[in-house]
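Chemist: Supplied in structure tokens, the structure appears directly below.
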Amino acid sequence: MSDIFALVAEHLYQGQAEEVTRLVTLALAEGLKPSDILKRGLMAGMERVGCDFRDGNIYVPEVLIAARAMHAGMGVLRPFLVSSDTTTRGRVILGTVRGDLHDIGKNLVGMLLESAGFEVIDLGIDIPPEKFVAAVREKRPSILGLSALLTTTLPEMKSTIRALIEAGARDGLKIMVGGAPVTQEFADRIGADGYAPDAASATDKARELLKVVRQ
Amino acid sequence: MSAMSHRERVLTALSHQEPDRVPLDLWGSATTLNDGIYMRLKQALGIEGDVAPWRQGHTGNYYDERVLEKLDVDFRHVWLKSRSDVKTKVYPDGSYVDEWGVTWRPEAGFVAVVTNPLNGAELDDLKSYPWPVARAPGRTDGLKERTQQLRESTDYAVEARSATSLGLFEYCYNLRGTEKFMIDMMTNKKFAAALVDRVTQFEFELVNYYLDAVGEYIDILCWAEDFGHQTGLLISPALYREFFKPRHAEIIASVKRKAPHVKFQFHSCGAIRPIIPEFIDIGVDILQSIQPRAKGMDSAELKREFGKQLTFHGAIDIQLALPGSLEDIDKEVRKRIAALAPGGGYILAPSNNVQDDTPVENVIHMYQVAKTYGHYPIRV
């Protein structure tokens with residue numbers, strides 16, 4: 001029976017949404033625990049996707065279809081999960097900073113974080129500091145992730161952190177930054193809590209920041 | 001050795017022999033000065049009077065031969081104009097719609113795509129989509145005369161900028177949406193192939209139309225698109241071979257048939273080492289960018305592995321070195337010349353477009369030291 005978990009993971013890795021849906025349905029019919037199907041099947045598959053992407057063995061298209069297969073599997077599984085199964089590792093708000101319209105990297109981070117059990121709220125692109133502040137106050141995330149692709153929009157990361165401090169919303173929040181022009185040195189300089197060079201490392205960093213034990 | 005002409009210098013380098021010094025290029029495809037740095041450089045070089053922009057809506061919209069003369073660049077460049085029978089629609093916020101039907105919006109000194117008109121399309125919709133027209137009025141106005149004049153009345157090497165500013169992959173994902181097109185390439189291959197074919201059809205016609213005007217007068221034809229990012233490829237080598245290699249091959253073969261003396265220069269940003277053999281396979285003569293800080297793009301290694309089959313163009317790091325100190329630039333220029341110049345087959349240029357946050361004196365210094373250190377035999 002443990003074979004089914006491995007099969008789910010493998011077909012998810014291959015981006016085969018229909019196969020994943022079929023196998024998840026089968027697994028449920030055989031009475032397997034939904035939380036096991038989630039963790040040992042779907043999440044295990046996406047974990048491997050994240051690692052291989054980080055290591056350069058697969059590329060963006062493969063990650064995208066795997067994420068799609070994950071969604072398809074979750075579509076079947078979700079009604080069977082009880083709230084304890086889906087207690088999230090934490091709530092993450094993501095956004096690309098003001099003036100910047102790029103989002104693929106941010107979207108990949110969101111996909112991998114979700115697959116790792118985080119709740120992800122993606123505000124989108126071109127987000128001014130005020131909007132980040134409002135979202136943090138309203139949704140009270142554990143992590144705020146800021147993305148930028150242009151050197152000219154990097155300063156907006158600093159502005160956003162300043163705005164959060166001024167609004168009294170900085171305490172208790174972990175702030176992560178990422179994007180092609182971002183460096184660890186820059187992240188340290190602007191007072192961010194974490195930096196990761198790619199989507200998979202971002203998931204590891206998020207776990208580390210919240211001191212979550214990997215299962 | 002008596003001083004070579006600019007063109008002799010370039011042709012010698014292209015034939016993998018050592019000229020008097022390493023040829024210098026600027027303002028070809030993907031080695032443009034962005035508008036801000038151009039304006040400041042013009043001022044710093046004491047150049048008075050303005051030139052009109054040759055295009056609009058890009059990050060580098062000017063071309064000024066006076067700058068090239070001051071920096072002693074070995075090339076002059078030609079390009080296709082926009083079609084004159086259709087006016088580009090520009091919105092109050094600076095957004096505009098290109099001839100593919102894609103809307104672009106200015107963002108922080110850059111421009112970004114904001115609509116993907118084929119995002120919801122089915123296969124049949126491709127037939128009725130209003131595709132751009134290659135042979136349209138205006139594109140080649142004055143082009144033949146200008147190119148002929150450059151060839152016959154100057155001793156510069158003549159480089160034709162790419163027919164379009166982007167390539168097959170980019171036009172496909174601009175039309176379809178990046179994520180959607182990438183998923184199409186994996187799970188909706190029929191659609192993806194039909195889309196690439198249709199884009200290729202336009203490019204093929206346009207390149208031929210372009211060569212009808214300039215083929216006999218040019219030394220290099222550029223092509224510009226991107227398959228790599230800082231640490232890897234955007235798509236797998238297998239997907240490149242499936243969707244783009246045969247179509248690139250078609251275009252290059254056509255160029256070689258039509259203008260056998262012309263060298264084909266292929267630009268790609270990023271970490272593209274795994275697909276360099278594919279480019280060699282389809283007849284690319286010059287590889288442009290050689291982005292030095294991208295993974296796997298070590299200049300000396302690339303020269304060792306591919307130096308006999310390819311001329312390298314670019315390689316001067318614009319990410320850290322060019323915006324850095326004058327010493328950084330010295331080091332960078334020496335490093336690239338030492339790695340790439342021996343035996344010829346190297347044309348020195350920025351690895352990518354020169355960004356607005358580059359200090360003006362750095363650009364001037366780069367070209368000065370490139371001349372100094374680039375003398376053959378190479379002793380840096």
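Please note that chains go A, B, ... in the order of the structure tokens, that every chain numbers its residues from 1, and that ligands are numbered from 1 in the order shown.
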Taking only C-alpha atoms into account, produce a table as a Markdown table in which each residue of chain A with an atom at most 12 Å from an atom of chain B appears once, together with its shortest atom pair and the distance in Å to one decimal, ordered by chain and rising number.

Modeler:
| residue | atom | partner | partner_atom | distance |
| --- | --- | --- | --- | --- |
| A:Gln14 | CA | B:Met186 | CA | 10.2 |
| A:Gly15 | CA | B:Met186 | CA | 8.8 |
| A:Gln16 | CA | B:Thr187 | CA | 9.0 |
| A:Ala17 | CA | B:Thr187 | CA | 10.2 |
| A:Glu18 | CA | B:Thr187 | CA | 11.6 |
| A:Phe53 | CA | B:Gly232 | CA | 9.8 |
| A:Arg54 | CA | B:Thr231 | CA | 9.5 |
| A:Asp55 | CA | B:Gly232 | CA | 9.5 |
| A:Gly56 | CA | B:Gly232 | CA | 6.6 |
| A:Asn57 | CA | B:Ser236 | CA | 8.8 |
| A:Ile58 | CA | B:Ser236 | CA | 7.1 |
| A:Tyr59 | CA | B:Ile235 | CA | 5.6 |
| A:Val60 | CA | B:Leu234 | CA | 6.3 |
| A:Pro61 | CA | B:Met182 | CA | 5.0 |
| A:Glu62 | CA | B:Met186 | CA | 7.6 |
| A:Val63 | CA | B:Ile183 | CA | 9.4 |
| A:Leu64 | CA | B:Ile183 | CA | 6.6 |
| A:Ile65 | CA | B:Ile183 | CA | 6.2 |
| A:Ala66 | CA | B:Ile183 | CA | 9.9 |
| A:Ala67 | CA | B:Ile183 | CA | 10.6 |
| A:Arg68 | CA | B:Ile183 | CA | 9.3 |
| A:Ala69 | CA | B:Ile183 | CA | 11.6 |
| A:Val97 | CA | B:Ala108 | CA | 11.2 |
| A:Arg98 | CA | B:Ala108 | CA | 9.2 |
| A:Gly99 | CA | B:Glu107 | CA | 5.6 |
| A:Asp100 | CA | B:Glu107 | CA | 6.2 |
| A:Leu101 | CA | B:Ala112 | CA | 6.7 |
| A:His102 | CA | B:Ala112 | CA | 7.9 |
| A:Asp103 | CA | B:Thr178 | CA | 10.2 |
| A:Ile104 | CA | B:Glu179 | CA | 7.7 |
| A:Gly105 | CA | B:Glu179 | CA | 10.9 |
| A:Asn107 | CA | B:Glu179 | CA | 9.7 |
| A:Leu108 | CA | B:Glu179 | CA | 10.2 |
| A:Ile125 | CA | B:Val114 | CA | 11.0 |
| A:Asp126 | CA | B:Glu107 | CA | 9.2 |
| A:Ala148 | CA | B:Ala108 | CA | 11.3 |
| A:Leu149 | CA | B:Phe110 | CA | 10.6 |
| A:Leu150 | CA | B:Ala108 | CA | 8.0 |
| A:Thr151 | CA | B:Asp357 | CA | 8.8 |
| A:Thr152 | CA | B:Ala108 | CA | 6.2 |
| A:Thr153 | CA | B:Ala108 | CA | 6.8 |
| A:Leu154 | CA | B:Ala108 | CA | 10.4 |
| A:Pro155 | CA | B:Ala108 | CA | 11.3 |
| A:Glu156 | CA | B:Ala108 | CA | 11.1 |
| A:Gly179 | CA | B:Gln230 | CA | 10.9 |
| A:Ala180 | CA | B:Gln230 | CA | 7.8 |
| A:Pro181 | CA | B:Gln319 | CA | 9.1 |
| A:Pro197 | CA | B:Thr231 | CA | 9.7 |
| A:Asp198 | CA | B:Thr231 | CA | 9.6 |

Chemist: Which residues come within 12 Å of Pro79 (chain A), counting only C-alpha atoms, excluding same-chain residues fewer than 6 positions away, as JSON, numbers by chain?

Modeler: {"A": [25, 28, 34, 35, 73, 85, 86]}

Chemist: Residues near Lys127 (chain B), anyone? I mean within 12 Å using only C-alpha atoms, not counting same-chain ones fewer than 2 positions away, as an MDAnalysis selection string.

Modeler: chainID B and resid 118 121:125 129:131 191 194:195 197:198

Chemist: Determine, counting only C-alpha atoms, which protein, DNA and RNA residues have an atom within 8 Å of an atom of Ala339 (chain B); residues of the same chain fewer than 5 positions away are not included. Present the result as a PyMOL selection string.

Modeler: chain B and resi 299-300+303

Chemist: Could you write those residues out with all heavy atoms, as a compact mmCIF listing (two decimals), in the first residue's frame?

Modeler:
# COMPACT_ATOMS: atom_id res chain seq x y z
N SER B 299 34.92 32.20 -18.85
CA SER B 299 35.44 32.57 -20.17
C SER B 299 36.53 31.62 -20.66
O SER B 299 36.50 31.17 -21.81
CB SER B 299 36.00 33.99 -20.14
OG SER B 299 35.05 34.89 -19.65
N ALA B 300 37.49 31.31 -19.79
CA ALA B 300 38.62 30.46 -20.22
C ALA B 300 38.13 29.07 -20.60
O ALA B 300 38.58 28.49 -21.60
CB ALA B 300 39.66 30.40 -19.11
N LYS B 303 36.40 29.19 -23.96
CA LYS B 303 37.37 29.33 -25.06
C LYS B 303 38.01 27.99 -25.38
O LYS B 303 38.15 27.62 -26.54
CB LYS B 303 38.45 30.36 -24.66
CG LYS B 303 39.47 30.65 -25.75
CD LYS B 303 38.89 31.50 -26.88
CE LYS B 303 40.00 31.95 -27.83
NZ LYS B 303 39.47 32.80 -28.91

Chemist: Write out as a PyMOL selection string each polymer residue whose atoms come within 10 Å of Gln148 (chain B), counting only C-alpha atoms; drop sequence neighbours fewer than 2 positions from it.

Modeler: chain B and resi 143-146+150-154+158+213-218

Chemist: Can you write just those residues out, N, CA and C atoms, as an mmCIF file, in the first residue's frame?

Modeler:
data_model
loop_
_atom_site.group_PDB
_atom_site.id
_atom_site.type_symbol
_atom_site.label_atom_id
_atom_site.label_comp_id
_atom_site.auth_asym_id
_atom_site.auth_seq_id
_atom_site.Cartn_x
_atom_site.Cartn_y
_atom_site.Cartn_z
ATOM 1 N N LEU B 143 17.272 52.109 -45.994
ATOM 2 C CA LEU B 143 18.177 51.138 -45.377
ATOM 3 C C LEU B 143 19.296 50.706 -46.325
ATOM 4 N N LYS B 144 18.920 50.364 -47.528
ATOM 5 C CA LYS B 144 19.911 49.909 -48.491
ATOM 6 C C LYS B 144 20.959 50.995 -48.716
ATOM 7 N N GLU B 145 20.473 52.227 -48.891
ATOM 8 C CA GLU B 145 21.385 53.344 -49.167
ATOM 9 C C GLU B 145 22.347 53.536 -47.999
ATOM 10 N N ARG B 146 21.827 53.518 -46.783
ATOM 11 C CA ARG B 146 22.672 53.743 -45.599
ATOM 12 C C ARG B 146 23.729 52.650 -45.462
ATOM 13 N N LEU B 150 27.800 52.897 -45.715
ATOM 14 C CA LEU B 150 28.718 52.436 -44.659
ATOM 15 C C LEU B 150 29.780 51.502 -45.241
ATOM 16 N N ARG B 151 29.331 50.615 -46.132
ATOM 17 C CA ARG B 151 30.273 49.660 -46.720
ATOM 18 C C ARG B 151 31.257 50.355 -47.664
ATOM 19 N N GLU B 152 30.759 51.214 -48.501
ATOM 20 C CA GLU B 152 31.602 51.730 -49.592
ATOM 21 C C GLU B 152 32.373 52.990 -49.234
ATOM 22 N N SER B 153 31.883 53.752 -48.260
ATOM 23 C CA SER B 153 32.548 55.019 -47.939
ATOM 24 C C SER B 153 33.195 55.053 -46.563
ATOM 25 N N THR B 154 33.103 53.981 -45.791
ATOM 26 C CA THR B 154 33.784 53.953 -44.489
ATOM 27 C C THR B 154 34.544 52.641 -44.385
ATOM 28 N N VAL B 158 30.375 46.335 -40.705
ATOM 29 C CA VAL B 158 28.957 46.677 -40.706
ATOM 30 C C VAL B 158 28.141 45.543 -40.080
ATOM 31 N N ALA B 213 17.641 43.949 -48.595
ATOM 32 C CA ALA B 213 18.127 45.334 -48.577
ATOM 33 C C ALA B 213 19.608 45.430 -48.201
ATOM 34 N N VAL B 214 20.056 44.603 -47.252
ATOM 35 C CA VAL B 214 21.393 44.860 -46.669
ATOM 36 C C VAL B 214 22.405 43.735 -46.862
ATOM 37 N N GLY B 215 21.940 42.581 -47.289
ATOM 38 C CA GLY B 215 22.782 41.379 -47.302
ATOM 39 C C GLY B 215 24.166 41.574 -47.881
ATOM 40 N N GLU B 216 24.242 42.202 -49.048
ATOM 41 C CA GLU B 216 25.538 42.301 -49.729
ATOM 42 C C GLU B 216 26.509 43.253 -49.037
ATOM 43 N N TYR B 217 26.008 44.097 -48.135
ATOM 44 C CA TYR B 217 26.858 45.136 -47.547
ATOM 45 C C TYR B 217 27.275 44.886 -46.104
ATOM 46 N N ILE B 218 26.724 43.844 -45.484
ATOM 47 C CA ILE B 218 26.987 43.655 -44.056
ATOM 48 C C ILE B 218 28.003 42.544 -43.804
#

Chemist: Just list as number ranges by chain whatever in region 164-301 of chain B DSSP marks as strand (DSSP E).

Modeler: B: 220-224, 263-267, 286-289

Chemist: What's the 6 Å shell around Ile251 (chain B), counting only C-alpha atoms, without same-chain residues fewer than 3 positions away, as JSON, numbers by chain?

Modeler: {"B": [204, 248, 254]}

Chemist: Include N, CA and C atoms and write out the residues we just selected as a CSV table (one decimal), in the first residue's frame.

Modeler:
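Writing done, so here's part14.csv:
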chain,number,residue,atom,x,y,z
B,204,PHE,N,11.2,34.5,-40.4
B,204,PHE,CA,11.8,34.1,-41.6
B,204,PHE,C,11.6,35.1,-42.7
B,248,HIS,N,15.3,27.7,-35.5
B,248,HIS,CA,16.5,28.6,-35.6
B,248,HIS,C,17.4,28.1,-36.8
B,254,SER,N,18.8,29.7,-44.2
B,254,SER,CA,18.3,30.7,-45.2
B,254,SER,C,19.3,31.9,-45.3

Chemist: So that I can check the surroundings of region 39-51 of chain A, please list as a list in words every protein, DNA and RNA residue that reaches within 7 Å of it, counting only C-alpha atoms and ignoring chain neighbours fewer than 2 positions away.

Modeler: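 My reading of the contact set: Phe5, Ala6, Val8, Ala9, Glu10, Leu12, Tyr13, Ser35, Asp36, Ile37, Phe53, Arg54, Asp55, Val63, Met70, Leu112, Ser115, Ala116 and Ala200 of chain A.
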
Chemist: Quick one: write out the picked residues with N, CA, C and O atoms as a short mmCIF file (atom, residue, chain, number, x, y, z; two decimals), in the first residue's frame?

Modeler:
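Writing the result to result_24.cif gives the following:
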data_model
loop_
_atom_site.label_atom_id
_atom_site.label_comp_id
_atom_site.auth_asym_id
_atom_site.auth_seq_id
_atom_site.Cartn_x
_atom_site.Cartn_y
_atom_site.Cartn_z
N PHE A 5 1.72 5.73 -2.34
CA PHE A 5 2.29 7.05 -2.02
C PHE A 5 3.43 7.37 -2.97
O PHE A 5 3.53 8.48 -3.49
N ALA A 6 4.28 6.36 -3.18
CA ALA A 6 5.42 6.57 -4.08
C ALA A 6 4.94 6.86 -5.50
O ALA A 6 5.52 7.69 -6.20
N VAL A 8 2.03 8.24 -6.35
CA VAL A 8 1.50 9.61 -6.37
C VAL A 8 2.64 10.61 -6.51
O VAL A 8 2.62 11.51 -7.35
N ALA A 9 3.67 10.41 -5.67
CA ALA A 9 4.81 11.34 -5.69
C ALA A 9 5.48 11.35 -7.05
O ALA A 9 5.83 12.41 -7.58
N GLU A 10 5.67 10.15 -7.62
CA GLU A 10 6.37 10.05 -8.91
C GLU A 10 5.57 10.72 -10.03
O GLU A 10 6.12 11.47 -10.84
N LEU A 12 3.32 12.98 -9.71
CA LEU A 12 3.29 14.42 -9.46
C LEU A 12 4.57 15.05 -9.99
O LEU A 12 4.55 16.06 -10.68
N TYR A 13 5.68 14.39 -9.69
CA TYR A 13 6.99 14.88 -10.17
C TYR A 13 7.00 14.98 -11.70
O TYR A 13 7.57 15.90 -12.26
N SER A 35 -4.35 12.39 5.42
CA SER A 35 -3.15 13.16 5.80
C SER A 35 -1.89 12.46 5.32
O SER A 35 -0.90 13.11 4.99
N ASP A 36 -1.92 11.13 5.24
CA ASP A 36 -0.76 10.39 4.71
C ASP A 36 -0.63 10.60 3.21
O ASP A 36 0.48 10.75 2.68
N ILE A 37 -1.78 10.58 2.52
CA ILE A 37 -1.74 10.82 1.07
C ILE A 37 -1.14 12.20 0.81
O ILE A 37 -0.32 12.39 -0.10
N PHE A 53 14.87 21.28 -8.82
CA PHE A 53 14.88 22.59 -9.47
C PHE A 53 16.03 23.42 -8.91
O PHE A 53 16.79 24.04 -9.67
N ARG A 54 16.19 23.41 -7.61
CA ARG A 54 17.30 24.13 -6.98
C ARG A 54 18.63 23.64 -7.53
O ARG A 54 19.55 24.42 -7.77
N ASP A 55 18.75 22.33 -7.75
CA ASP A 55 20.01 21.75 -8.19
C ASP A 55 20.19 21.81 -9.70
O ASP A 55 21.19 21.33 -10.23
N VAL A 63 8.52 22.39 -13.21
CA VAL A 63 7.97 22.80 -11.90
C VAL A 63 6.51 23.22 -12.06
O VAL A 63 5.66 22.87 -11.23
N MET A 70 -0.12 18.88 -8.44
CA MET A 70 -0.35 19.03 -7.00
C MET A 70 -1.74 19.60 -6.74
O MET A 70 -2.50 19.09 -5.93
N LEU A 112 5.86 26.43 -4.20
CA LEU A 112 6.64 25.50 -3.39
C LEU A 112 6.31 25.66 -1.90
O LEU A 112 6.25 24.67 -1.17
N SER A 115 3.03 23.91 -1.31
CA SER A 115 3.24 22.46 -1.33
C SER A 115 3.93 21.96 -0.08
O SER A 115 3.83 20.80 0.27
N ALA A 116 4.64 22.86 0.58
CA ALA A 116 5.33 22.47 1.81
C ALA A 116 4.45 22.68 3.04
O ALA A 116 4.88 22.49 4.16
N ALA A 200 13.28 26.99 -4.10
CA ALA A 200 13.37 25.83 -3.20
C ALA A 200 14.09 26.21 -1.91
O ALA A 200 13.67 25.84 -0.81
#

Chemist: Would you compute the distance between CA of Pro323 (chain B) and CA of Ser351 (chain B)? Give it in Å to one decimal.

Modeler: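 CA of Pro323 (chain B) sits 12.9 Å away from CA of Ser351 (chain B).
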
Chemist: As a ChimeraX atom specification, which residues of region 17-213 of chain A does DSSP assign to alpha helix (DSSP H)?

Modeler: /A:17-29,34-36,44-54,60-77,104-115,129-139,155-166,184-189,199-209

Chemist: Please report the interatomic distance between CA of Asp204 (chain A) and CA of Leu38 (chain A) in Å with one decimal.

Modeler: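 That distance, rounded to one decimal, is 18.9 Å.
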
Chemist: Measuring atom to atom with only C-alpha atoms, identify which of A:Arg189, A:Lys158, A:Arg140, A:His71 is nearest to Gly90 (chain A).

Modeler: A:Arg140

Chemist: Using only C-alpha atoms, which of B:Gly343, B:Pro359, B:Gly228, B:Pro260 sits nearest Met297 (chain B)?

Modeler: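 Using only C-alpha atoms, Met297 (chain B) sits closest to B:Gly228.
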